[in-house]
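Novice: Here it is, the structure in full.
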Amino acid sequence: MDVSDLINGLNDAQRDAVCAPLSNQLVLAGAGSGKTRVLVHRIAWLMRVEQLGPHQVLAVTFTNKAAREMRERLGQLLDRGDATLRTMWVGTFHGLAHRLLRSHWREANLPQNFQILDSDDQLRLIKRIYQELSIDDSRWPQRQAQWFINGHKDEGRRAAHVQDDFDPFNKVMKSVYLAYEAACERGGMVDFAELLLRSHELWLKQPQLLAHYQQRFRCILVDEFQDTNAIQYAWLRVLAGQQCSVAVVGDDDQSIYGWRGAKIENIHRFQEDFKPVNVTRLEQNYRSTSTILKAANAVIEHNGDRLGKTLWTDGAEGEAIDLYAAFNEQDEARYAVDQVQRWIRDGNGASDMALLYRSNAQSRVLEEAFIRADVPYRIYGGQRFYERLEIKNALAYLRLISNRNDDNAFERVVNTPTRGIGNKTLETLRVFAREQGYSLFEASVGALANNVFTARAANALKGFLTLLDSLEDAVQDMDLAACCAHVVEHSGLLAFHEAEKGERGQARVENLQELVGACRAFEPDDEDTPVLDAFLDRAALDAGDAQADDYEEAVQMMTLHSAKGLEFPFVILCGMEENLFPHRMSAEEPGRLEEERRLCYVGITRAMQKLVLTYAENRRVYGKESFNAPSRFIREIPAGLVHEVRMKAAVQRPATYLAQDDAPNEFGIQLGQMVRHHVFGEGVVLNIEGRGAATRVQVNFANEGSKWIMLQYAKLEPV
DNA sequence: AAGGCAAATGTTTTT
DNA sequence: CATTTGCCTT
């Protein structure tokens, strides 16, 4: 058997991972070490050498984009028709769980036409529950309830399992969770976390069903394993059972979604729970210069509790890392533009360059500078296609055609465009629906029959119901795209947004037209579901790219989070300042600070040839001036790798920032040190700012939390 | 019920 | 600074 195409060009570690006998595997894959390649080749190997059929392999990724990419690369490597790939389960955890629930809705106790709630729908539902329960949202913000519910679901806990202690917050949140659960049950609605929770429970309750899938899958492969949360891990473990081999690929140093419930510990647990585990480390980096790698290694070294991995390359040393201290954020943007222009002038492609930043808010100034300089750019992130207001409204009409009892959709468009159905009418409907156990649609029919409303309200509502009837009638024999076009037009949405003044209205009209285009291009991957429902599912599960396809040569601008998994010859990391990066909200807690550091590691390792760091000494944040020290991450890079760029303006500045680094100050206090304060007790030094009499340190006290201390007043003793 | 004005409020993002 | 939310007026 010829397997040369599978192993040619792989290094020893990669080859070990690809050619290992069928067994549980942990591949610790550093940034740029050829992780995806190994994964794809491993699947091909299993199919060719271990003779696994495509239906016996399950591959899980985190994003739809990654799933698409894997499918594509597999297709190239396997050189088999589309049909083969279609029988293979490749997808996100959520996508796979959804597929499962669609096939086994009965066993999962769901109505056949259950709907997926995205986070926007979820928040709306929670708001309605707040009204029903008369909960004060200024005391208990609704976003917190959403966070609470999702957090517990991600940990596999239903409302009934939530500890009912005497904490008032917990009590209120639990009551919301309970009501939320009931509302979802009543309306046949399933949120993202529920997809996993529900399918996990499905297996526990239906052993014969579980056995079926356990027999089917011989090997499960998981990408980005460091980003799995508790329920995903449990899901995996149950499905794998005793027979199935599980291969996971991940990098603990690139875990940047802890705030969303991801558990790095899953990597440790895996080695226990799935014993024996064949561990491979991919440490050879094919992406970056050794200078960049040294910087990345030095930064990440400051984190404790790592599995330990050191990237190396046999490639060139490359250029030093430039560090630019900008006068303010405008100057920083100007410098970035200069760099880009020079890069392009030197004959490089604009799309080979990326500007990375910690938070989306930073993109605005950069964007303006690029517009002014007439340099093409592309911003990732922001609102995604299927999450746009006008698109969600159009989808709501489509949903109502599919299922009139979808209360979420009903609430959304009953008065959009405005047709005289206001809050009062709606509130009457809600109460009536709740009392009778009706959906809002049923309640409307009932209320009209009973003459509950004034003539004006009744007419308006009747108008809406008639509209739904006529839409459904007209659309009967149309294909998806025609149906969508008809609905967009006759619902009045198109005219509504055309009447909107300014660019915004026009953009919305264009988006609606694009939605029709998306319908035309839609290829269902599930023949059993009606095409409209399949499309709605896809829209919920894959919110689409943030920006429509703009594939011109343009500089890429995005947050560090969205940059994960990408690489660029030239990277500029902007806003390297304390309070911004590491973010102020994360600097207090050691665990979250380490996550910020991993984010920095991710940022540095995106760069292939050239890396530039910039920070602004003075930055306008929300209209206010703020002065921030250079990020501690800059100081963590060995000075020998860094080249300080002088400011263009003739402002003389002492290049002293590097001096204030790890050298103990005159008080003998260092970062990370354990200290005792005569009042607050013991704590760890998180941060040091200023020098001489102005030196302040931030200490996280065991009992008092974190505080800023002026060293000249309060003596801190090293412990 | 709808439109206008003042006040509040700002991480990171996928599914 | 810019956008969303809430209250108030027509």
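Please note that chains go A, B, ... in the order of the structure tokens, that every chain numbers its residues from 1, and that ligands are numbered from 1 in the order shown.
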Counting only C-alpha atoms (C1' of nucleotides), collect the residues of chain A whose closest atom lies at most 10 Å from chain B, and write them out as a PyMOL selection string.
Specialist: chain A and resi 62-64+92-95+118-119+191-193+195+256-257+259-260+358-361+381-382+418-424+540-543+559-562+580+583-586+596+599+622
Novice: Would you mind listing what lies within 10 Å of Gln513 (chain A) as an MDAnalysis selection string, with only C-alpha atoms (C1' of nucleotides) counted and same-chain residues fewer than 5 positions away left out?
Specialist: chainID A and resid 391 484:485 488:489 494 507:508 518
Novice: Name the residues in contact with Val3 (chain A) at a cut-off of 10 Å, using only C-alpha atoms (C1' of nucleotides), excluding same-chain residues fewer than 6 positions from it; report them as a PyMOL selection string.
Specialist: chain A and resi 19+44-45+48-49
Novice: If you count only C-alpha atoms (C1' of nucleotides), which residues fall within 12 Å of Ser290 (chain A), apart from same-chain ones fewer than 3 positions away, as a count of residues only?
Specialist: 30
Novice: Using only C-alpha atoms (C1' of nucleotides), find the residues of chain C whose closest atom to chain A is at most 12 Å away, then write them as a list of chain:residue names.
Specialist: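 Output check: C:DC1, C:DA2, C:DT3.
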Novice: Mind the document's chain letters and residue numbers, and return as a PyMOL selection string the residues of region 101-321 of chain A that DSSP labels helix (DSSP H, G or I).
Specialist: chain A and resi 101-103+119-133+142-154+159-161+168-187+192-205+207-216+225-227+230-240+252-254+258-260+265-273+290-300
Novice: Quote the spacing between CA of Asn328 (chain A) and CA of Val612 (chain A) in Å to one decimal place.
Specialist: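 Between these atoms lies a distance of 16.6 Å.
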Novice: Could you please determine the separation between CA of Gly151 (chain A) and CA of Ala240 (chain A) in Å, to one decimal place?
Specialist: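 The value is 24.4 Å.
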Novice: As a PyMOL selection string, list the residues of region 545-646 of chain A assigned to strand (DSSP E) by DSSP on the backbone atoms of this structure.
Specialist: chain A and resi 555-559+568-573+607-621+624-627+642-645
Novice: Any chance you can output those residues with C-alpha atoms as a PDB file, in the first residue's frame?
Specialist:
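Everything below was put into again.pdb:
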ATOM      1  CA  VAL A 555      -4.601  44.928   5.065  1.00  0.00           C
ATOM      2  CA  GLN A 556      -6.315  42.670   7.580  1.00  0.00           C
ATOM      3  CA  MET A 557      -7.495  44.214  10.824  1.00  0.00           C
ATOM      4  CA  MET A 558      -8.900  42.121  13.654  1.00  0.00           C
ATOM      5  CA  THR A 559      -8.847  41.377  17.357  1.00  0.00           C
ATOM      6  CA  PHE A 568       0.694  36.744   8.255  1.00  0.00           C
ATOM      7  CA  PRO A 569       4.184  37.606   7.027  1.00  0.00           C
ATOM      8  CA  PHE A 570       3.958  40.999   8.721  1.00  0.00           C
ATOM      9  CA  VAL A 571       2.040  41.649  11.933  1.00  0.00           C
ATOM     10  CA  ILE A 572       1.599  44.841  13.897  1.00  0.00           C
ATOM     11  CA  LEU A 573       0.354  44.447  17.445  1.00  0.00           C
ATOM     12  CA  ALA A 607       3.830  36.774  12.613  1.00  0.00           C
ATOM     13  CA  MET A 608       5.984  34.971  10.098  1.00  0.00           C
ATOM     14  CA  GLN A 609       8.731  37.420   9.123  1.00  0.00           C
ATOM     15  CA  LYS A 610       8.270  40.727  10.809  1.00  0.00           C
ATOM     16  CA  LEU A 611       6.632  41.822  14.041  1.00  0.00           C
ATOM     17  CA  VAL A 612       6.036  45.372  15.220  1.00  0.00           C
ATOM     18  CA  LEU A 613       4.678  46.342  18.620  1.00  0.00           C
ATOM     19  CA  THR A 614       3.198  49.749  19.247  1.00  0.00           C
ATOM     20  CA  TYR A 615       1.814  51.534  22.248  1.00  0.00           C
ATOM     21  CA  ALA A 616       0.445  54.993  22.848  1.00  0.00           C
ATOM     22  CA  GLU A 617       1.599  57.041  25.792  1.00  0.00           C
ATOM     23  CA  ASN A 618      -1.634  58.903  25.735  1.00  0.00           C
ATOM     24  CA  ARG A 619      -4.892  57.471  24.470  1.00  0.00           C
ATOM     25  CA  ARG A 620      -8.446  58.691  24.255  1.00  0.00           C
ATOM     26  CA  VAL A 621     -10.690  56.019  25.655  1.00  0.00           C
ATOM     27  CA  LYS A 624     -11.411  60.663  27.992  1.00  0.00           C
ATOM     28  CA  GLU A 625      -7.644  61.034  27.959  1.00  0.00           C
ATOM     29  CA  SER A 626      -5.761  58.275  29.647  1.00  0.00           C
ATOM     30  CA  PHE A 627      -2.096  57.644  30.242  1.00  0.00           C
ATOM     31  CA  VAL A 642      13.649  44.448  20.423  1.00  0.00           C
ATOM     32  CA  HIS A 643      14.591  47.506  18.457  1.00  0.00           C
ATOM     33  CA  GLU A 644      13.097  50.747  19.733  1.00  0.00           C
ATOM     34  CA  VAL A 645      11.931  53.020  16.970  1.00  0.00           C
TER      35      VAL A 645
END
Novice: Please list as a list in words every residue within 10 Å of Arg306 (chain A), counting only C-alpha atoms (C1' of nucleotides) and excluding residues in the same chain fewer than 6 positions away.
Specialist: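 So the residues in contact are Asp251, Asp252, Asp253, Ile264 and Ile300 of chain A.
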